[in-house]
Amino acid sequence: DVSLSLLCRRKPADANQPTQASKPVTPAPASMVHQKTVLVLVALACALGGGVNAVADFNRNINANSDGGDMASPWFYHGLEGPNFTTVSDAAKYSIRSYPKSFWTATTVTGKSMDDAGSEAFMRLFRYISGNNESKQKIEMTVPVLASVIPGQGPFCEENFTYHFYLPAEFQTNPPKPDDPRVTNVVLDAMDVAVVSFPGWMNEKEAISHGRDLFEDLKEDNVAFNPDMFYTAGYDSPFRLTDRHNEVWAKIQGSASDATTFQILSDGGD
């Protein structure tokens with residue numbers, strides 16, 4: 001029986017969802033999607049209460065990412081930088097991916113719904129990449145917004161949501177220290193994950209539905225996985241109206257990070 005208290009409802013997968021391309025991931029020119037990315041991400045900054053300054057900072061972040069030429073990424077990165085991965089297997093119901101060790105900025109929110117936690121966490125992390133750090137350094141926006149979800153142990157226990165922004169290559173080993181004590185730079189160890197993807201908008205209801213489907217499919221296929229947590233990965237602003245892509249990940253047991261989700265970097269990455 002699936003042990004996650006959050007995973008309470010099953011919903012059929014969307015047959016029209018885009019298919020996962022290639023193994024490993026292949027190059028996609030950032031210039032082709034830059035203008036569209038600017039529009040949707042600026043709208044997100046405004047919608048989440050960042051105000052005029054946040055919109056300007058968001059635009060500068062994306063502009064800074066526009067002159068890097070081609071980058072190795074799948075289509076759903078939409079020209080932004082994100083973690084490398086290799087597709088180990090790609091079945092009809094889910095894919096298995098292998099991710100190397102990587103570096104992220106993270107913050108944890110408890111005692112709220114997933115949707116409210118996501119909005120609060122996003123703004124903490126967005127302020128960090130907008131210069132709310134020891135070096136006052138602007139950092140480009142990346143994908144995905146990755147959330148680890150650890151359900152409470154009972155109906156009145158608090159869920160734990162830890163949201164992550166992927167650190168660009170130049171900050172992977174020496175990111176600036178956050179000014180906000182609720183924000184930390186962390187290392188996610190190498191891990192293998194089972195991934196189910198779906199179009200539309202990511203929210204708590206969709207995460208629960210697709211997460212439960214994934215857990216049940218893995219049990220049916222006798223794939224060992226960690227049943228006590230899962231990840232959600234969002235790649236789009238809520239204002240991207242087409243080509244949307246969302247994911248739920250289950251960590252395959254035996255991954256290098258199966259016992260420890262992350263470790264905190266020392267101050268400033270030193």
# chains A, B, ... in the order shown; residues from 1 in each chain; ligands from 1
>>> closest_atom_pairs(of="region 115-180 of chain A", to="region 194-209 of chain A", cutoff="12 Å", atoms="only C-alpha atoms", output="tab-separated table")
residue	atom	partner	partner_atom	distance
A:Asp115	CA	A:Asn203	CA	6.0
A:Asp116	CA	A:Glu204	CA	9.6
A:Ala117	CA	A:Glu204	CA	10.2
A:Gly118	CA	A:Asn203	CA	9.1
A:Ser119	CA	A:Asn203	CA	10.9
A:Val145	CA	A:Met202	CA	11.0
A:Leu146	CA	A:Met202	CA	11.6
A:Ala147	CA	A:Ala207	CA	10.8
A:Ser148	CA	A:Ala207	CA	11.5
A:Val149	CA	A:Ala207	CA	9.9
A:Pro151	CA	A:Ile208	CA	11.0
A:Glu159	CA	A:Glu204	CA	11.9
A:Phe161	CA	A:Glu204	CA	11.4
>>> write_last_selection(atoms="C-alpha atoms", output="mmCIF file, in the first residue's frame")
data_model
loop_
_atom_site.group_PDB
_atom_site.id
_atom_site.type_symbol
_atom_site.label_atom_id
_atom_site.label_comp_id
_atom_site.auth_asym_id
_atom_site.auth_seq_id
_atom_site.Cartn_x
_atom_site.Cartn_y
_atom_site.Cartn_z
ATOM 1 C CA ASP A 115 0.544 25.844 -3.448
ATOM 2 C CA ASP A 116 1.047 28.455 -0.694
ATOM 3 C CA ALA A 117 4.431 26.998 0.246
ATOM 4 C CA GLY A 118 5.547 27.199 -3.372
ATOM 5 C CA SER A 119 4.701 30.892 -3.680
ATOM 6 C CA VAL A 145 12.015 24.733 -9.701
ATOM 7 C CA LEU A 146 12.498 21.476 -7.832
ATOM 8 C CA ALA A 147 10.540 20.696 -4.668
ATOM 9 C CA SER A 148 11.128 17.763 -2.350
ATOM 10 C CA VAL A 149 7.921 16.781 -0.572
ATOM 11 C CA PRO A 151 4.455 14.191 3.940
ATOM 12 C CA GLU A 159 4.142 18.534 5.438
ATOM 13 C CA PHE A 161 8.343 21.309 1.279
#
>>> closest_atom_pairs(of="region 180-219 of chain A", to="region 101-107 of chain A", cutoff="7 Å", atoms="only C-alpha atoms", output="Markdown table")
| residue | atom | partner | partner_atom | distance |
| --- | --- | --- | --- | --- |
| A:Arg182 | CA | A:Thr107 | CA | 5.9 |
| A:Val183 | CA | A:Thr107 | CA | 4.8 |
| A:Thr184 | CA | A:Ala106 | CA | 5.4 |
| A:Asn185 | CA | A:Thr105 | CA | 4.3 |
| A:Val186 | CA | A:Trp104 | CA | 5.4 |
| A:Val187 | CA | A:Phe103 | CA | 4.6 |
| A:Leu188 | CA | A:Ser102 | CA | 5.4 |
| A:Asp189 | CA | A:Lys101 | CA | 4.4 |
| A:Ala190 | CA | A:Lys101 | CA | 4.2 |
>>> closest_atom_pairs(of="region 166-187 of chain A", to="region 81-99 of chain A", cutoff="10 Å", atoms="only C-alpha atoms", output="CSV")
residue,atom,partner,partner_atom,distance
A:Tyr166,CA,A:Gly82,CA,6.5
A:Leu167,CA,A:Gly82,CA,8.1
A:Pro168,CA,A:Glu81,CA,6.6
A:Ala169,CA,A:Glu81,CA,8.4
>>> closest_residue(among="A:Thr173, A:Asn160, A:Thr142, A:Thr242", to="Leu80 (chain A)", atoms="only C-alpha atoms")
A:Thr142
>>> select_by_dssp(residues="region 93-174 of chain A", states="helix (DSSP H, G or I)", output="PyMOL selection string")
chain A and resi 114-129+169-171
>>> write_last_selection(atoms="N, CA, C and O atoms", output="mmCIF file, in the first residue's frame")
data_model
loop_
_atom_site.group_PDB
_atom_site.id
_atom_site.type_symbol
_atom_site.label_atom_id
_atom_site.label_comp_id
_atom_site.auth_asym_id
_atom_site.auth_seq_id
_atom_site.Cartn_x
_atom_site.Cartn_y
_atom_site.Cartn_z
ATOM 1 N N MET A 114 0.757 22.975 -0.353
ATOM 2 C CA MET A 114 1.850 22.965 -1.326
ATOM 3 C C MET A 114 1.826 24.228 -2.185
ATOM 4 O O MET A 114 2.877 24.809 -2.481
ATOM 5 N N ASP A 115 0.645 24.674 -2.584
ATOM 6 C CA ASP A 115 0.544 25.844 -3.448
ATOM 7 C C ASP A 115 1.018 27.102 -2.722
ATOM 8 O O ASP A 115 1.776 27.908 -3.279
ATOM 9 N N ASP A 116 0.606 27.284 -1.458
ATOM 10 C CA ASP A 116 1.047 28.455 -0.694
ATOM 11 C C ASP A 116 2.532 28.373 -0.374
ATOM 12 O O ASP A 116 3.249 29.379 -0.417
ATOM 13 N N ALA A 117 3.010 27.178 -0.044
ATOM 14 C CA ALA A 117 4.431 26.998 0.246
ATOM 15 C C ALA A 117 5.272 27.336 -0.975
ATOM 16 O O ALA A 117 6.333 27.962 -0.865
ATOM 17 N N GLY A 118 4.800 26.927 -2.153
ATOM 18 C CA GLY A 118 5.547 27.199 -3.372
ATOM 19 C C GLY A 118 5.687 28.681 -3.661
ATOM 20 O O GLY A 118 6.762 29.148 -4.059
ATOM 21 N N SER A 119 4.635 29.444 -3.443
ATOM 22 C CA SER A 119 4.701 30.892 -3.680
ATOM 23 C C SER A 119 5.681 31.561 -2.725
ATOM 24 O O SER A 119 6.491 32.402 -3.127
ATOM 25 N N GLU A 120 5.617 31.182 -1.437
ATOM 26 C CA GLU A 120 6.528 31.779 -0.452
ATOM 27 C C GLU A 120 7.975 31.404 -0.736
ATOM 28 O O GLU A 120 8.878 32.258 -0.715
ATOM 29 N N ALA A 121 8.204 30.133 -1.027
ATOM 30 C CA ALA A 121 9.569 29.680 -1.284
ATOM 31 C C ALA A 121 10.133 30.323 -2.544
ATOM 32 O O ALA A 121 11.315 30.707 -2.590
ATOM 33 N N PHE A 122 9.309 30.435 -3.580
ATOM 34 C CA PHE A 122 9.788 31.030 -4.828
ATOM 35 C C PHE A 122 10.318 32.438 -4.597
ATOM 36 O O PHE A 122 11.387 32.802 -5.099
ATOM 37 N N MET A 123 9.590 33.249 -3.846
ATOM 38 C CA MET A 123 10.024 34.625 -3.649
ATOM 39 C C MET A 123 11.291 34.703 -2.804
ATOM 40 O O MET A 123 12.149 35.559 -3.038
ATOM 41 N N ARG A 124 11.456 33.813 -1.821
ATOM 42 C CA ARG A 124 12.724 33.787 -1.067
ATOM 43 C C ARG A 124 13.890 33.514 -2.007
ATOM 44 O O ARG A 124 14.942 34.185 -1.964
ATOM 45 N N LEU A 125 13.717 32.498 -2.864
ATOM 46 C CA LEU A 125 14.792 32.112 -3.770
ATOM 47 C C LEU A 125 15.007 33.156 -4.856
ATOM 48 O O LEU A 125 16.149 33.414 -5.269
ATOM 49 N N PHE A 126 13.931 33.769 -5.324
ATOM 50 C CA PHE A 126 14.064 34.798 -6.345
ATOM 51 C C PHE A 126 14.823 36.011 -5.811
ATOM 52 O O PHE A 126 15.639 36.613 -6.511
ATOM 53 N N ARG A 127 14.554 36.381 -4.555
ATOM 54 C CA ARG A 127 15.308 37.486 -3.969
ATOM 55 C C ARG A 127 16.793 37.150 -3.883
ATOM 56 O O ARG A 127 17.651 38.026 -4.095
ATOM 57 N N TYR A 128 17.099 35.895 -3.584
ATOM 58 C CA TYR A 128 18.516 35.479 -3.538
ATOM 59 C C TYR A 128 19.183 35.677 -4.890
ATOM 60 O O TYR A 128 20.272 36.265 -4.972
ATOM 61 N N ILE A 129 18.591 35.192 -5.968
ATOM 62 C CA ILE A 129 19.244 35.323 -7.276
ATOM 63 C C ILE A 129 19.185 36.755 -7.799
ATOM 64 O O ILE A 129 19.919 37.107 -8.724
ATOM 65 N N ALA A 169 26.314 27.130 -13.960
ATOM 66 C CA ALA A 169 27.637 26.499 -13.965
ATOM 67 C C ALA A 169 28.684 27.325 -13.230
ATOM 68 O O ALA A 169 29.501 26.786 -12.478
ATOM 69 N N GLU A 170 28.670 28.636 -13.400
ATOM 70 C CA GLU A 170 29.719 29.460 -12.782
ATOM 71 C C GLU A 170 29.605 29.506 -11.259
ATOM 72 O O GLU A 170 30.552 29.906 -10.572
ATOM 73 N N PHE A 171 28.452 29.103 -10.716
ATOM 74 C CA PHE A 171 28.262 29.121 -9.263
ATOM 75 C C PHE A 171 28.141 27.718 -8.677
ATOM 76 O O PHE A 171 27.806 27.569 -7.504
#
>>> select_by_dssp(residues="region 79-121 of chain A", states="strand (DSSP E)", output="PyMOL selection string")
chain A and resi 86-90+95-99+102-110
>>> write_last_selection(atoms="N, CA and C atoms", output="compact mmCIF listing (two decimals), in the first residue's frame")
# COMPACT_ATOMS: atom_id res chain seq x y z
N THR A 86 20.99 11.77 -17.78
CA THR A 86 20.96 10.73 -18.80
C THR A 86 19.69 9.92 -18.63
N THR A 87 18.98 9.67 -19.73
CA THR A 87 17.80 8.83 -19.69
C THR A 87 18.23 7.37 -19.76
N VAL A 88 18.01 6.63 -18.68
CA VAL A 88 18.41 5.23 -18.60
C VAL A 88 17.40 4.35 -19.32
N SER A 89 16.11 4.64 -19.14
CA SER A 89 15.06 3.92 -19.84
C SER A 89 13.88 4.86 -20.02
N ASP A 90 13.09 4.61 -21.06
CA ASP A 90 11.99 5.51 -21.39
C ASP A 90 10.79 4.67 -21.79
N SER A 95 9.79 7.38 -17.14
CA SER A 95 11.19 7.27 -17.55
C SER A 95 12.05 7.10 -16.31
N ILE A 96 13.23 6.52 -16.51
CA ILE A 96 14.24 6.47 -15.45
C ILE A 96 15.40 7.36 -15.89
N ARG A 97 15.76 8.32 -15.04
CA ARG A 97 16.86 9.23 -15.34
C ARG A 97 17.95 9.09 -14.28
N SER A 98 19.17 9.38 -14.71
CA SER A 98 20.31 9.42 -13.81
C SER A 98 20.86 10.84 -13.78
N TYR A 99 20.87 11.44 -12.59
CA TYR A 99 21.39 12.80 -12.40
C TYR A 99 22.71 12.75 -11.64
N SER A 102 24.87 17.68 -7.98
CA SER A 102 24.64 19.05 -8.46
C SER A 102 24.41 19.99 -7.28
N PHE A 103 24.46 21.28 -7.56
CA PHE A 103 24.44 22.31 -6.53
C PHE A 103 23.24 23.23 -6.73
N TRP A 104 22.53 23.49 -5.64
CA TRP A 104 21.28 24.21 -5.69
C TRP A 104 21.21 25.21 -4.53
N THR A 105 20.31 26.17 -4.64
CA THR A 105 19.93 27.03 -3.52
C THR A 105 18.53 26.61 -3.08
N ALA A 106 18.33 26.46 -1.77
CA ALA A 106 17.10 25.83 -1.29
C ALA A 106 16.52 26.58 -0.09
N THR A 107 15.23 26.39 0.11
CA THR A 107 14.54 26.91 1.29
C THR A 107 13.38 25.98 1.62
N THR A 108 13.08 25.85 2.91
CA THR A 108 12.03 24.93 3.37
C THR A 108 10.86 25.70 3.96
N VAL A 109 9.66 25.26 3.61
CA VAL A 109 8.43 25.84 4.15
C VAL A 109 7.59 24.69 4.71
N THR A 110 7.07 24.86 5.92
CA THR A 110 6.21 23.84 6.54
C THR A 110 4.91 24.49 6.99
>>> closest_residue(among="A:Ile252, A:Ser130, A:Asp180, A:Arg244", to="Asn222 (chain A)", atoms="only C-alpha atoms")
A:Ile252
>>> closest_residue(among="A:Asp217, A:Lys177, A:Gly79, A:Asp236", to="Asn132 (chain A)", atoms="only C-alpha atoms")
A:Lys177
>>> atom_distance(atom1="CA of Pro74 (chain A)", atom2="CA of Pro100 (chain A)")
16.2 Å
>>> closest_residue(among="A:Glu216, A:Asp192, A:Asp179, A:Asp243", to="Glu134 (chain A)", atoms="only C-alpha atoms")
A:Asp179
>>> closest_residue(among="A:Phe76, A:Asn246, A:Met191, A:Arg240", to="Gly211 (chain A)", atoms="only C-alpha atoms")
A:Asn246
>>> closest_residue(among="A:Ile139, A:Val248, A:Met229, A:Leu218", to="Pro175 (chain A)", atoms="only C-alpha atoms")
A:Ile139
